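For reference, upload_4.cif is printed below; it contains mmCIF, C-alpha atoms.
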```
data_input
#
loop_
_atom_site.label_atom_id
_atom_site.label_comp_id
_atom_site.auth_asym_id
_atom_site.auth_seq_id
_atom_site.Cartn_x
_atom_site.Cartn_y
_atom_site.Cartn_z
CA MET A 1372 111.95 -76.36 54.03
CA GLU A 1373 110.04 -75.76 50.82
CA PRO A 1374 111.87 -76.10 47.46
CA LYS A 1375 111.46 -72.37 46.68
CA ASP A 1376 113.07 -71.49 50.04
CA LEU A 1377 116.06 -73.70 49.28
CA ILE A 1378 116.27 -72.14 45.81
CA LYS A 1379 116.39 -68.68 47.43
CA HIS A 1380 119.42 -69.85 49.41
CA ALA A 1381 121.03 -71.08 46.18
CA ILE A 1382 120.43 -67.68 44.59
CA LYS A 1383 122.21 -66.07 47.56
CA ALA A 1384 125.11 -68.48 47.10
CA GLN A 1385 125.22 -67.61 43.40
CA GLY A 1386 126.10 -64.07 44.44
CA ASN A 1387 129.41 -65.41 45.82
CA SER A 1388 130.41 -67.00 42.51
CA GLN A 1389 133.96 -66.44 41.32
CA SER A 1390 133.25 -66.79 37.61
CA GLU A 1391 135.35 -64.09 35.98
CA TYR A 1392 136.38 -66.34 33.08
CA SER A 1393 133.06 -67.85 32.03
CA ASN A 1394 130.78 -65.10 33.37
CA TYR A 1395 128.42 -67.96 34.26
CA PRO A 1396 127.65 -67.78 37.99
CA VAL A 1397 126.21 -70.87 39.65
CA GLY A 1398 124.89 -71.18 43.19
CA CYS A 1399 123.99 -74.22 45.23
CA ALA A 1400 122.29 -74.83 48.56
CA LEU A 1401 122.49 -78.23 50.27
CA LEU A 1402 119.96 -78.99 53.01
CA THR A 1403 121.08 -81.36 55.76
CA ASN A 1404 118.78 -83.64 57.73
CA ASP A 1405 119.30 -81.30 60.70
CA GLY A 1406 117.99 -78.30 58.74
CA GLU A 1407 121.37 -76.65 58.14
CA VAL A 1408 121.88 -75.11 54.70
CA VAL A 1409 125.38 -75.31 53.24
CA TYR A 1410 126.20 -72.94 50.36
CA GLY A 1411 128.34 -73.55 47.34
CA CYS A 1412 129.24 -71.46 44.30
CA ASN A 1413 131.41 -72.09 41.30
CA ILE A 1414 134.99 -70.99 41.80
CA GLU A 1415 137.02 -70.63 38.63
CA SER A 1416 140.75 -70.54 38.03
CA ALA A 1417 142.81 -69.44 35.05
CA VAL A 1418 143.95 -73.06 35.10
CA TYR A 1419 140.56 -74.48 34.15
CA PRO A 1420 141.00 -78.02 35.55
CA SER A 1421 141.37 -76.37 38.98
CA THR A 1422 137.87 -74.89 38.71
CA LEU A 1423 135.18 -76.30 41.01
CA CYS A 1424 131.46 -76.39 40.41
CA ALA A 1425 128.98 -75.02 42.95
CA GLU A 1426 127.59 -78.46 43.71
CA ARG A 1427 130.95 -79.93 44.63
CA VAL A 1428 131.88 -76.87 46.70
CA ALA A 1429 128.67 -77.29 48.75
CA ILE A 1430 129.05 -81.06 49.12
CA TYR A 1431 132.74 -80.90 50.04
CA SER A 1432 132.05 -78.06 52.49
CA ALA A 1433 129.33 -80.09 54.18
CA LEU A 1434 131.47 -83.21 54.34
CA SER A 1435 134.41 -81.26 55.74
CA LYS A 1436 132.11 -80.11 58.57
CA GLY A 1437 131.23 -83.74 59.35
CA LEU A 1438 127.75 -83.48 57.83
CA LYS A 1439 126.74 -86.70 56.10
CA LYS A 1440 122.94 -86.85 55.83
CA PHE A 1441 121.09 -84.66 53.38
CA LYS A 1442 117.47 -83.91 52.46
CA ALA A 1443 117.67 -81.91 49.23
CA ILE A 1444 119.88 -79.78 47.02
CA ALA A 1445 119.06 -76.72 44.90
CA ILE A 1446 121.14 -75.48 41.98
CA VAL A 1447 120.66 -72.18 40.18
CA SER A 1448 122.30 -70.71 37.09
CA ASN A 1449 121.34 -68.20 34.44
CA THR A 1450 119.99 -70.98 32.20
CA ALA A 1451 118.81 -73.57 34.77
CA ALA A 1452 121.58 -75.96 33.73
CA ARG A 1453 121.64 -79.41 35.23
CA PRO A 1454 124.79 -80.66 37.01
CA CYS A 1455 127.84 -81.70 35.00
CA GLY A 1456 128.97 -85.33 34.91
CA SER A 1457 131.57 -84.93 37.66
CA CYS A 1458 129.01 -83.37 39.99
CA ARG A 1459 126.49 -86.10 39.18
CA GLN A 1460 129.02 -88.74 40.22
CA ILE A 1461 129.81 -86.95 43.50
CA MET A 1462 126.10 -86.46 44.17
CA HIS A 1463 125.54 -90.18 43.62
CA GLU A 1464 128.33 -91.11 46.01
CA TYR A 1465 127.58 -88.68 48.85
CA LEU A 1466 123.97 -87.51 48.63
CA GLY A 1467 122.01 -90.55 47.61
CA ASN A 1468 118.72 -90.19 45.74
CA ILE A 1469 117.54 -86.91 47.32
CA PRO A 1470 115.48 -84.28 45.47
CA ILE A 1471 117.54 -82.06 43.15
CA TYR A 1472 115.86 -78.74 42.38
CA VAL A 1473 117.20 -76.92 39.32
CA SER A 1474 116.18 -73.33 38.61
CA ASP A 1475 117.26 -70.26 36.74
CA SER A 1476 118.48 -67.19 38.61
CA ASN A 1477 114.95 -65.83 39.02
CA GLY A 1478 113.91 -68.83 41.09
CA LYS A 1479 110.28 -68.62 40.05
CA GLU A 1480 110.10 -72.05 38.45
CA TYR A 1481 112.15 -75.17 39.00
CA LYS A 1482 112.53 -78.72 37.75
CA LEU A 1483 112.70 -81.65 40.14
CA HIS A 1484 115.21 -84.40 39.39
CA TYR A 1485 116.76 -87.35 41.20
CA ILE A 1486 120.27 -88.63 40.68
CA ASP A 1487 118.97 -92.02 39.48
CA GLU A 1488 117.45 -90.14 36.51
CA LEU A 1489 120.42 -87.84 35.86
CA LEU A 1490 123.05 -90.56 36.23
CA PRO A 1491 121.44 -93.91 35.36
CA TYR A 1492 124.72 -95.89 35.23
CA PRO A 1493 127.05 -94.44 37.89
CA PHE A 1494 130.55 -95.69 38.52
CA ASP A 1495 130.21 -97.68 41.74
CA LEU A 1496 133.03 -99.75 43.22
CA LYS A 1497 130.66 -101.32 45.76
CA ASN A 1498 128.38 -102.79 43.09
CA SER A 1499 130.85 -103.50 40.26
#
```

How would this structure read if it were set down as structure tokens?
Amino acid sequence: MEPKDLIKHAIKAQGNSQSEYSNYPVGCALLTNDGEVVYGCNIESAVYPSTLCAERVAIYSALSKGLKKFKAIAIVSNTAARPCGSCRQIMHEYLGNIPIYVSDSNGKEYKLHYIDELLPYPFDLKNS
């Protein structure tokens, strides 16, 4: 799957965002090694610590389905924001160093990142 196709899936996922407090919808599409695309969107709560980012929703959804091998992830938001620190840690732990495509909601242009760049010193119990 081409990056722009995965970004189109993330834009679809963004449409499911529950972001009534921030008005900042985020969508995510996670591509498995088997070609399945798992969607995620940010889901907010009035109790802000209960809020989940789109990336973690997609990753947790995939893991809960028994999916463990991934090819790429696309993240879209109005401003092409990169993942927060919590999401970067989860990406490091469960996705490995796969391509991370970040785009705005138009999906016309994207930036390619890898977790090693976004999180150069992850917390890692295995290599402490």

List as a list of chain:residue names the residues having at least one atom at most 12 Å from position (130.8, -78.8, 59.5) as given in the file, counting all atoms listed in the file.
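The residues that fall inside the cut-off are A:Thr1403, A:Asp1405, A:Glu1407, A:Val1408, A:Val1409, A:Tyr1410, A:Ala1429, A:Ile1430, A:Tyr1431, A:Ser1432, A:Ala1433, A:Leu1434, A:Ser1435, A:Lys1436, A:Gly1437, A:Leu1438, A:Lys1439, A:Lys1440.
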
From A:Gly1456, A:Gly1386, A:Pro1396, A:Gly1411, residue lying nearest Phe1494 of chain A [only C-alpha atoms]
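Nearest to Phe1494 of chain A: A:Gly1456.
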
Can you spell out as a PyMOL selection string the set of residues that the PyMOL selection byres ((chain A and resi 1394) around 12) selects in the structure I just provided?
chain A and resi 1385+1388-1393+1395-1397+1413-1415+1448-1449

Point-to-point distance in Å for atom CA of Pro1491 of chain A and atom CA of Lys1379 of chain A
28.4 Å

Give me the box for segment 1471-1484 of chain A as JSON, namely the centre and edge lengths in Å to one decimal of a box along x, y and z that holds every listed atom plus 5 Å on each side.
```
{"center_x": 114.3, "center_y": -75.1, "center_z": 39.9, "size_x": 18.4, "size_y": 28.6, "size_z": 16.4}
```

Run the PyMOL selection byres ((chain A and resi 1484) around 6) on the file and write out the hits as a ChimeraX atom specification.
/A:1471,1483,1485

What separation in Å, quoted to one decimal, exists between atom CA of Asn1498 of chain A and atom CA of Val1428 of chain A?
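So the two atoms, atom CA of Asn1498 of chain A and atom CA of Val1428 of chain A, lie 26.4 Å apart.
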